[in-house]
Every structure is written in structure tokens, then in C-alpha cells.
>>> print(open('input_2.cif').read())   # mmCIF, N, CA, C and O atoms
data_protein
loop_
_atom_site.label_atom_id
_atom_site.label_comp_id
_atom_site.auth_asym_id
_atom_site.auth_seq_id
_atom_site.Cartn_x
_atom_site.Cartn_y
_atom_site.Cartn_z
N SER A 1 166.33 43.89 -8.32
CA SER A 1 167.57 43.13 -8.44
C SER A 1 168.68 44.05 -8.96
O SER A 1 168.43 45.06 -9.61
N LEU A 2 169.92 43.65 -8.71
CA LEU A 2 171.06 44.45 -9.15
C LEU A 2 171.15 44.55 -10.66
O LEU A 2 171.59 45.56 -11.20
N ALA A 3 170.74 43.53 -11.36
CA ALA A 3 170.82 43.53 -12.82
C ALA A 3 170.00 44.65 -13.44
O ALA A 3 170.31 45.12 -14.53
N ALA A 4 169.00 45.11 -12.75
CA ALA A 4 168.15 46.19 -13.26
C ALA A 4 168.82 47.56 -13.13
O ALA A 4 168.39 48.52 -13.77
N LEU A 5 169.87 47.65 -12.34
CA LEU A 5 170.56 48.92 -12.13
C LEU A 5 171.68 49.10 -13.14
O LEU A 5 172.56 48.25 -13.25
N ARG A 6 171.65 50.21 -13.86
CA ARG A 6 172.70 50.47 -14.86
C ARG A 6 173.95 51.07 -14.23
O ARG A 6 175.05 50.88 -14.73
N VAL A 7 173.77 51.83 -13.14
CA VAL A 7 174.88 52.49 -12.47
C VAL A 7 174.70 52.37 -10.96
O VAL A 7 173.60 52.58 -10.45
N ILE A 8 175.78 52.05 -10.27
CA ILE A 8 175.81 52.12 -8.81
C ILE A 8 176.96 53.04 -8.44
O ILE A 8 178.10 52.83 -8.88
N ALA A 9 176.68 54.06 -7.66
CA ALA A 9 177.70 54.98 -7.17
C ALA A 9 178.04 54.60 -5.73
O ALA A 9 177.15 54.43 -4.91
N VAL A 10 179.32 54.47 -5.46
CA VAL A 10 179.79 54.14 -4.11
C VAL A 10 180.54 55.36 -3.59
O VAL A 10 181.50 55.82 -4.21
N ASN A 11 180.10 55.86 -2.45
CA ASN A 11 180.68 57.07 -1.88
C ASN A 11 181.90 56.76 -1.02
O ASN A 11 181.90 55.83 -0.23
N PHE A 12 182.94 57.57 -1.21
CA PHE A 12 184.13 57.56 -0.37
C PHE A 12 184.09 58.85 0.43
O PHE A 12 184.53 59.90 -0.05
N PRO A 13 183.55 58.83 1.67
CA PRO A 13 183.36 60.07 2.43
C PRO A 13 184.65 60.74 2.89
O PRO A 13 184.69 61.94 3.07
N LYS A 14 185.71 59.94 3.08
CA LYS A 14 187.02 60.46 3.48
C LYS A 14 188.08 59.76 2.64
O LYS A 14 187.90 58.63 2.21
N PHE A 15 189.21 60.43 2.47
CA PHE A 15 190.29 59.87 1.67
C PHE A 15 190.72 58.50 2.17
O PHE A 15 190.95 57.59 1.39
N GLY A 16 190.82 58.31 3.46
CA GLY A 16 191.30 57.05 4.02
C GLY A 16 190.24 56.01 4.30
O GLY A 16 190.53 54.96 4.85
N ASP A 17 189.01 56.25 3.91
CA ASP A 17 187.92 55.31 4.17
C ASP A 17 187.91 54.24 3.09
O ASP A 17 187.63 54.51 1.93
N GLY A 18 188.23 53.01 3.47
CA GLY A 18 188.36 51.93 2.50
C GLY A 18 187.14 51.06 2.31
O GLY A 18 187.20 50.07 1.56
N ARG A 19 186.04 51.39 2.95
CA ARG A 19 184.85 50.54 2.82
C ARG A 19 184.37 50.41 1.38
O ARG A 19 183.87 49.35 0.98
N GLY A 20 184.54 51.45 0.59
CA GLY A 20 184.10 51.40 -0.80
C GLY A 20 184.80 50.34 -1.62
O GLY A 20 184.21 49.75 -2.53
N TYR A 21 186.05 50.05 -1.29
CA TYR A 21 186.79 49.00 -1.98
C TYR A 21 186.13 47.64 -1.74
O TYR A 21 185.95 46.85 -2.67
N SER A 22 185.76 47.39 -0.49
CA SER A 22 185.10 46.13 -0.15
C SER A 22 183.73 46.03 -0.81
O SER A 22 183.35 44.96 -1.31
N ILE A 23 183.01 47.13 -0.82
CA ILE A 23 181.69 47.15 -1.46
C ILE A 23 181.82 46.81 -2.94
O ILE A 23 181.06 46.01 -3.48
N ALA A 24 182.82 47.39 -3.61
CA ALA A 24 183.02 47.13 -5.04
C ALA A 24 183.33 45.66 -5.29
O ALA A 24 182.77 45.04 -6.20
N ARG A 25 184.22 45.09 -4.50
CA ARG A 25 184.57 43.67 -4.69
C ARG A 25 183.35 42.78 -4.47
O ARG A 25 183.13 41.83 -5.22
N LEU A 26 182.57 43.08 -3.45
CA LEU A 26 181.37 42.28 -3.21
C LEU A 26 180.39 42.39 -4.37
O LEU A 26 179.84 41.37 -4.83
N LEU A 27 180.16 43.59 -4.84
CA LEU A 27 179.23 43.77 -5.96
C LEU A 27 179.69 43.01 -7.19
O LEU A 27 178.88 42.36 -7.87
N ARG A 28 180.95 43.07 -7.51
CA ARG A 28 181.47 42.40 -8.70
C ARG A 28 181.60 40.89 -8.52
O ARG A 28 181.16 40.12 -9.38
N GLU A 29 182.20 40.45 -7.44
CA GLU A 29 182.55 39.04 -7.29
C GLU A 29 181.43 38.20 -6.68
O GLU A 29 181.15 37.12 -7.18
N ARG A 30 180.82 38.66 -5.63
CA ARG A 30 179.78 37.86 -4.97
C ARG A 30 178.44 37.99 -5.67
O ARG A 30 177.72 37.01 -5.84
N TYR A 31 178.10 39.23 -6.04
CA TYR A 31 176.77 39.48 -6.60
C TYR A 31 176.75 39.56 -8.13
O TYR A 31 175.69 39.69 -8.71
N GLY A 32 177.91 39.50 -8.76
CA GLY A 32 177.98 39.45 -10.21
C GLY A 32 177.50 40.69 -10.94
O GLY A 32 177.06 40.61 -12.08
N TYR A 33 177.60 41.84 -10.29
CA TYR A 33 177.12 43.08 -10.91
C TYR A 33 177.97 43.42 -12.14
O TYR A 33 179.19 43.45 -12.07
N LYS A 34 177.31 43.66 -13.27
CA LYS A 34 178.00 43.92 -14.54
C LYS A 34 177.89 45.37 -15.02
O LYS A 34 178.55 45.76 -15.96
N GLY A 35 177.05 46.16 -14.38
CA GLY A 35 176.86 47.55 -14.81
C GLY A 35 178.00 48.45 -14.39
O GLY A 35 179.03 48.01 -13.90
N GLU A 36 177.79 49.74 -14.60
CA GLU A 36 178.81 50.73 -14.24
C GLU A 36 178.90 50.87 -12.73
O GLU A 36 177.90 51.02 -12.05
N LEU A 37 180.12 50.83 -12.23
CA LEU A 37 180.38 51.01 -10.81
C LEU A 37 181.22 52.28 -10.68
O LEU A 37 182.37 52.32 -11.12
N ARG A 38 180.62 53.32 -10.10
CA ARG A 38 181.23 54.65 -10.07
C ARG A 38 181.67 55.03 -8.66
O ARG A 38 180.90 54.97 -7.72
N ALA A 39 182.93 55.44 -8.54
CA ALA A 39 183.47 55.94 -7.27
C ALA A 39 183.21 57.44 -7.20
O ALA A 39 183.54 58.17 -8.13
N VAL A 40 182.61 57.89 -6.10
CA VAL A 40 182.32 59.31 -5.92
C VAL A 40 182.78 59.73 -4.52
O VAL A 40 183.00 58.91 -3.65
N GLY A 41 182.88 61.02 -4.30
CA GLY A 41 183.29 61.55 -2.99
C GLY A 41 184.74 61.96 -3.03
O GLY A 41 185.19 62.65 -3.95
N GLU A 42 185.50 61.51 -2.06
CA GLU A 42 186.93 61.85 -1.96
C GLU A 42 187.74 60.90 -2.84
O GLU A 42 188.48 60.04 -2.35
N VAL A 43 187.60 61.07 -4.13
CA VAL A 43 188.28 60.23 -5.12
C VAL A 43 189.45 61.03 -5.69
O VAL A 43 189.25 62.06 -6.33
N ALA A 44 190.66 60.55 -5.45
CA ALA A 44 191.87 61.25 -5.89
C ALA A 44 192.69 60.35 -6.81
O ALA A 44 192.51 59.13 -6.84
N ARG A 45 193.61 60.96 -7.51
CA ARG A 45 194.48 60.24 -8.43
C ARG A 45 195.15 59.05 -7.75
O ARG A 45 195.28 57.98 -8.32
N ASP A 46 195.60 59.23 -6.52
CA ASP A 46 196.31 58.18 -5.79
C ASP A 46 195.48 56.92 -5.59
O ASP A 46 196.04 55.86 -5.34
N ASN A 47 194.18 57.02 -5.67
CA ASN A 47 193.31 55.87 -5.43
C ASN A 47 192.87 55.16 -6.71
O ASN A 47 192.41 54.02 -6.64
N LEU A 48 192.95 55.82 -7.84
CA LEU A 48 192.31 55.31 -9.05
C LEU A 48 192.76 53.91 -9.45
O LEU A 48 191.93 53.06 -9.78
N TYR A 49 194.04 53.66 -9.46
CA TYR A 49 194.53 52.34 -9.87
C TYR A 49 193.94 51.25 -8.99
O TYR A 49 193.48 50.22 -9.48
N PHE A 50 193.94 51.48 -7.69
CA PHE A 50 193.44 50.48 -6.75
C PHE A 50 191.92 50.33 -6.83
O PHE A 50 191.40 49.22 -6.71
N MET A 51 191.24 51.42 -7.08
CA MET A 51 189.79 51.34 -7.27
C MET A 51 189.45 50.50 -8.50
O MET A 51 188.52 49.69 -8.47
N ALA A 52 190.20 50.69 -9.56
CA ALA A 52 189.96 49.91 -10.78
C ALA A 52 190.18 48.42 -10.52
O ALA A 52 189.44 47.57 -11.05
N GLN A 53 191.16 48.07 -9.69
CA GLN A 53 191.41 46.66 -9.39
C GLN A 53 190.28 46.04 -8.59
O GLN A 53 190.10 44.83 -8.60
N CYS A 54 189.53 46.85 -7.89
CA CYS A 54 188.39 46.36 -7.11
C CYS A 54 187.10 46.31 -7.91
O CYS A 54 186.09 45.82 -7.42
N GLY A 55 187.12 46.83 -9.13
CA GLY A 55 185.94 46.73 -9.98
C GLY A 55 185.32 48.04 -10.40
O GLY A 55 184.37 48.05 -11.18
N PHE A 56 185.82 49.16 -9.92
CA PHE A 56 185.29 50.45 -10.37
C PHE A 56 185.68 50.69 -11.82
O PHE A 56 186.81 50.39 -12.23
N ASP A 57 184.75 51.21 -12.60
CA ASP A 57 185.05 51.53 -13.99
C ASP A 57 184.67 52.96 -14.35
O ASP A 57 184.77 53.36 -15.51
N ALA A 58 184.26 53.75 -13.35
CA ALA A 58 183.96 55.17 -13.55
C ALA A 58 184.33 55.90 -12.26
O ALA A 58 184.20 55.35 -11.16
N PHE A 59 184.81 57.14 -12.41
CA PHE A 59 185.34 57.87 -11.27
C PHE A 59 184.93 59.33 -11.37
O PHE A 59 185.13 59.96 -12.41
N LEU A 60 184.38 59.86 -10.30
CA LEU A 60 184.08 61.28 -10.21
C LEU A 60 185.13 61.86 -9.27
O LEU A 60 185.06 61.67 -8.05
N LEU A 61 186.12 62.52 -9.84
CA LEU A 61 187.23 63.05 -9.06
C LEU A 61 186.78 64.18 -8.15
O LEU A 61 185.87 64.95 -8.50
N ARG A 62 187.42 64.30 -7.01
CA ARG A 62 187.12 65.39 -6.08
C ARG A 62 187.56 66.71 -6.71
O ARG A 62 188.40 66.74 -7.62
N ASP A 63 186.99 67.78 -6.22
CA ASP A 63 187.34 69.11 -6.71
C ASP A 63 188.84 69.34 -6.60
O ASP A 63 189.47 68.96 -5.61
N GLY A 64 189.41 69.95 -7.64
CA GLY A 64 190.82 70.28 -7.64
C GLY A 64 191.71 69.23 -8.28
O GLY A 64 192.89 69.47 -8.51
N GLU A 65 191.18 68.05 -8.57
CA GLU A 65 191.98 67.00 -9.22
C GLU A 65 192.00 67.25 -10.73
O GLU A 65 190.97 67.55 -11.33
N ASP A 66 193.15 67.11 -11.34
CA ASP A 66 193.31 67.28 -12.77
C ASP A 66 193.01 65.95 -13.47
O ASP A 66 193.69 64.95 -13.23
N ALA A 67 192.01 65.93 -14.31
CA ALA A 67 191.57 64.69 -14.96
C ALA A 67 192.66 64.09 -15.85
O ALA A 67 192.86 62.87 -15.85
N GLN A 68 193.38 64.92 -16.57
CA GLN A 68 194.45 64.40 -17.45
C GLN A 68 195.56 63.77 -16.62
O GLN A 68 196.07 62.70 -16.97
N GLU A 69 195.94 64.41 -15.54
CA GLU A 69 196.96 63.86 -14.65
C GLU A 69 196.46 62.58 -14.00
O GLU A 69 197.20 61.61 -13.83
N ALA A 70 195.19 62.54 -13.64
CA ALA A 70 194.63 61.36 -12.99
C ALA A 70 194.66 60.14 -13.91
O ALA A 70 194.85 59.02 -13.43
N LEU A 71 194.51 60.34 -15.19
CA LEU A 71 194.55 59.22 -16.13
C LEU A 71 195.89 58.48 -16.08
O LEU A 71 195.95 57.27 -16.32
N ALA A 72 196.95 59.19 -15.76
CA ALA A 72 198.26 58.56 -15.66
C ALA A 72 198.32 57.51 -14.55
O ALA A 72 199.17 56.62 -14.58
N ALA A 73 197.43 57.59 -13.59
CA ALA A 73 197.42 56.64 -12.48
C ALA A 73 197.24 55.20 -12.94
O ALA A 73 197.73 54.28 -12.30
N PHE A 74 196.57 55.01 -14.05
CA PHE A 74 196.31 53.65 -14.52
C PHE A 74 197.57 52.98 -15.06
O PHE A 74 197.57 51.78 -15.30
N GLY A 75 198.63 53.73 -15.25
CA GLY A 75 199.89 53.16 -15.70
C GLY A 75 200.97 53.15 -14.63
O GLY A 75 202.13 52.88 -14.91
N ASP A 76 200.60 53.43 -13.38
CA ASP A 76 201.58 53.51 -12.30
C ASP A 76 202.28 52.18 -12.01
O ASP A 76 203.44 52.16 -11.63
N PHE A 77 201.59 51.09 -12.16
CA PHE A 77 202.15 49.79 -11.81
C PHE A 77 202.06 48.86 -13.01
O PHE A 77 201.06 48.85 -13.72
N SER A 78 203.09 48.05 -13.21
CA SER A 78 203.10 47.15 -14.36
C SER A 78 202.61 45.75 -14.03
O SER A 78 202.27 44.99 -14.93
N GLU A 79 202.58 45.40 -12.77
CA GLU A 79 202.21 44.04 -12.37
C GLU A 79 201.39 44.07 -11.10
O GLU A 79 201.68 44.84 -10.18
N LEU A 80 200.37 43.22 -11.03
CA LEU A 80 199.56 43.07 -9.83
C LEU A 80 200.09 41.91 -9.01
O LEU A 80 200.34 40.84 -9.55
N TYR A 81 200.27 42.10 -7.72
CA TYR A 81 200.69 41.01 -6.84
C TYR A 81 199.48 40.25 -6.32
O TYR A 81 199.48 39.04 -6.26
N GLN A 82 198.47 41.00 -5.91
CA GLN A 82 197.28 40.38 -5.31
C GLN A 82 196.25 40.05 -6.39
O GLN A 82 196.27 40.59 -7.49
N ALA A 83 195.34 39.16 -6.03
CA ALA A 83 194.20 38.89 -6.90
C ALA A 83 193.29 40.11 -6.89
O ALA A 83 193.23 40.85 -5.92
N SER A 84 192.61 40.33 -8.00
CA SER A 84 191.70 41.46 -8.11
C SER A 84 190.57 41.08 -9.05
O SER A 84 190.60 40.01 -9.67
N THR A 85 189.60 41.97 -9.21
CA THR A 85 188.55 41.69 -10.18
C THR A 85 189.12 41.70 -11.58
O THR A 85 188.65 40.97 -12.45
N ALA A 86 190.15 42.50 -11.81
CA ALA A 86 190.78 42.56 -13.14
C ALA A 86 191.68 41.36 -13.39
O ALA A 86 191.81 40.90 -14.53
N GLN A 87 192.33 40.84 -12.36
CA GLN A 87 193.25 39.70 -12.48
C GLN A 87 192.99 38.76 -11.31
O GLN A 87 193.53 38.95 -10.23
N PRO A 88 192.14 37.74 -11.51
CA PRO A 88 191.74 36.88 -10.39
C PRO A 88 192.86 36.00 -9.81
O PRO A 88 192.74 35.52 -8.70
N GLN A 89 193.94 35.80 -10.56
CA GLN A 89 195.06 34.98 -10.07
C GLN A 89 196.14 35.87 -9.47
O GLN A 89 196.61 36.80 -10.13
N PRO A 90 196.58 35.61 -8.23
CA PRO A 90 197.70 36.39 -7.68
C PRO A 90 198.99 36.07 -8.44
O PRO A 90 199.08 35.04 -9.13
N LEU A 91 199.97 36.93 -8.33
CA LEU A 91 201.21 36.80 -9.09
C LEU A 91 201.89 35.45 -8.89
O LEU A 91 202.33 34.83 -9.85
N PHE A 92 201.96 34.94 -7.66
CA PHE A 92 202.66 33.69 -7.44
C PHE A 92 201.99 32.54 -8.20
O PHE A 92 202.66 31.64 -8.70
N ARG A 93 200.68 32.55 -8.32
CA ARG A 93 199.99 31.49 -9.07
C ARG A 93 200.24 31.63 -10.57
O ARG A 93 200.39 30.65 -11.28
N ARG A 94 200.27 32.87 -11.04
CA ARG A 94 200.55 33.10 -12.47
C ARG A 94 201.97 32.64 -12.80
O ARG A 94 202.20 32.06 -13.85
N ARG A 95 202.90 32.88 -11.90
CA ARG A 95 204.29 32.46 -12.13
C ARG A 95 204.42 30.94 -12.08
O ARG A 95 205.16 30.36 -12.86
N LEU A 96 203.71 30.30 -11.17
CA LEU A 96 203.75 28.84 -11.09
C LEU A 96 203.15 28.19 -12.34
O LEU A 96 203.57 27.11 -12.75
N ALA A 97 202.20 28.84 -12.95
CA ALA A 97 201.53 28.29 -14.14
C ALA A 97 202.42 28.35 -15.37
O ALA A 97 202.15 27.65 -16.35
N LYS A 98 203.43 29.18 -15.33
CA LYS A 98 204.34 29.31 -16.51
C LYS A 98 205.28 28.18 -16.66
O LYS A 98 205.73 27.51 -15.89
#
>>> encode(input="input_2.cif", output="C-alpha cells")
Amino acid sequence: SLAALRVIAVNFPKFGDGRGYSIARLLRERYGYKGELRAVGEVARDNLYFMAQCGFDAFLLRDGEDAQEALAAFGDFSELYQASTAQPQPLFRRRLAK
């Protein structure tokens, strides 16, 4: 069972390959996986914020990426428009609730 796994690594074989995002959402939302979800492969700073919104909580950056610079990616956006694992309500619903 998934609960027995402490870490699941999802490979991103190419920069533009988005299948890993779907895999992360399924693991978190449909299957309720609570362990570490690690993005590996072609993981760049530009992807980190979006990967985190899909449920990734660990990242193995590709060669040549600066880890300190990559950390800044988590502050790139101040508000989420779409629903995510981090914020299940889309922005329009959050605004209507106010």
C-alpha cells in the first residue's frame, strides 16, 4: 500500500513533460498519500512553485541549478487562481466566501 512508502520520487524526463504534475495530484488527492513526494529529473527553478502546488514537497534540482536561487521561486506569486493541493478553493470561491 502507499501508506507503507515513506518517499515516492516522480521523474520529469524533459523540462516540458507535465505528466509528473498529474501523478502528484493523483497521489495526494485521490490516493491520500501523506509521505514525501520528490520531484527528480529535469527539475528547474521555473517549475518549483507549480510543483509545490501539485503536492511535491522535495525537489532534486537538475545539474547547474543554484539551490539558493531556486528557493526564491516559492515567493514568485502572492495568490493562487486555481485550486491546488495547497489551496483547494480557487480564487473566485475564496472571494465569494468573503
>>> residues_around(input="input_2.cif", residues="stretch 4-11 of chain A", least_positions_apart="6", cutoff="6 Å", atoms="only C-alpha atoms", output="PyMOL selection string")
chain A and resi 35-41
>>> closest_residue(input="input_2.cif", among="A:Lys34, A:Gln68, A:Asp46, A:Cys54", to="A:Ala83", atoms="only C-alpha atoms")
A:Cys54
>>> atom_distance(input="input_2.cif", atom1="atom CA of A:Ser22", atom2="atom CA of A:Ala58")
16.2 Å
>>> atom_distance(input="input_2.cif", atom1="atom C of A:Ala86", atom2="atom C of A:Arg45")
18.9 Å
>>> closest_residue(input="input_2.cif", among="A:Glu42, A:Ala97, A:Arg30, A:Gln89", to="A:Phe15", atoms="only C-alpha atoms")
A:Glu42
>>> resolve_selection(input="input_2.cif", expression="the PyMOL selection byres ((chain A and resi 21) around 8)", output="ChimeraX atom specification")
/A:10-12,17-20,22-28,50-51,53-56
>>> atom_distance(input="input_2.cif", atom1="atom CA of A:Leu71", atom2="atom CA of A:Lys14")
21.0 Å
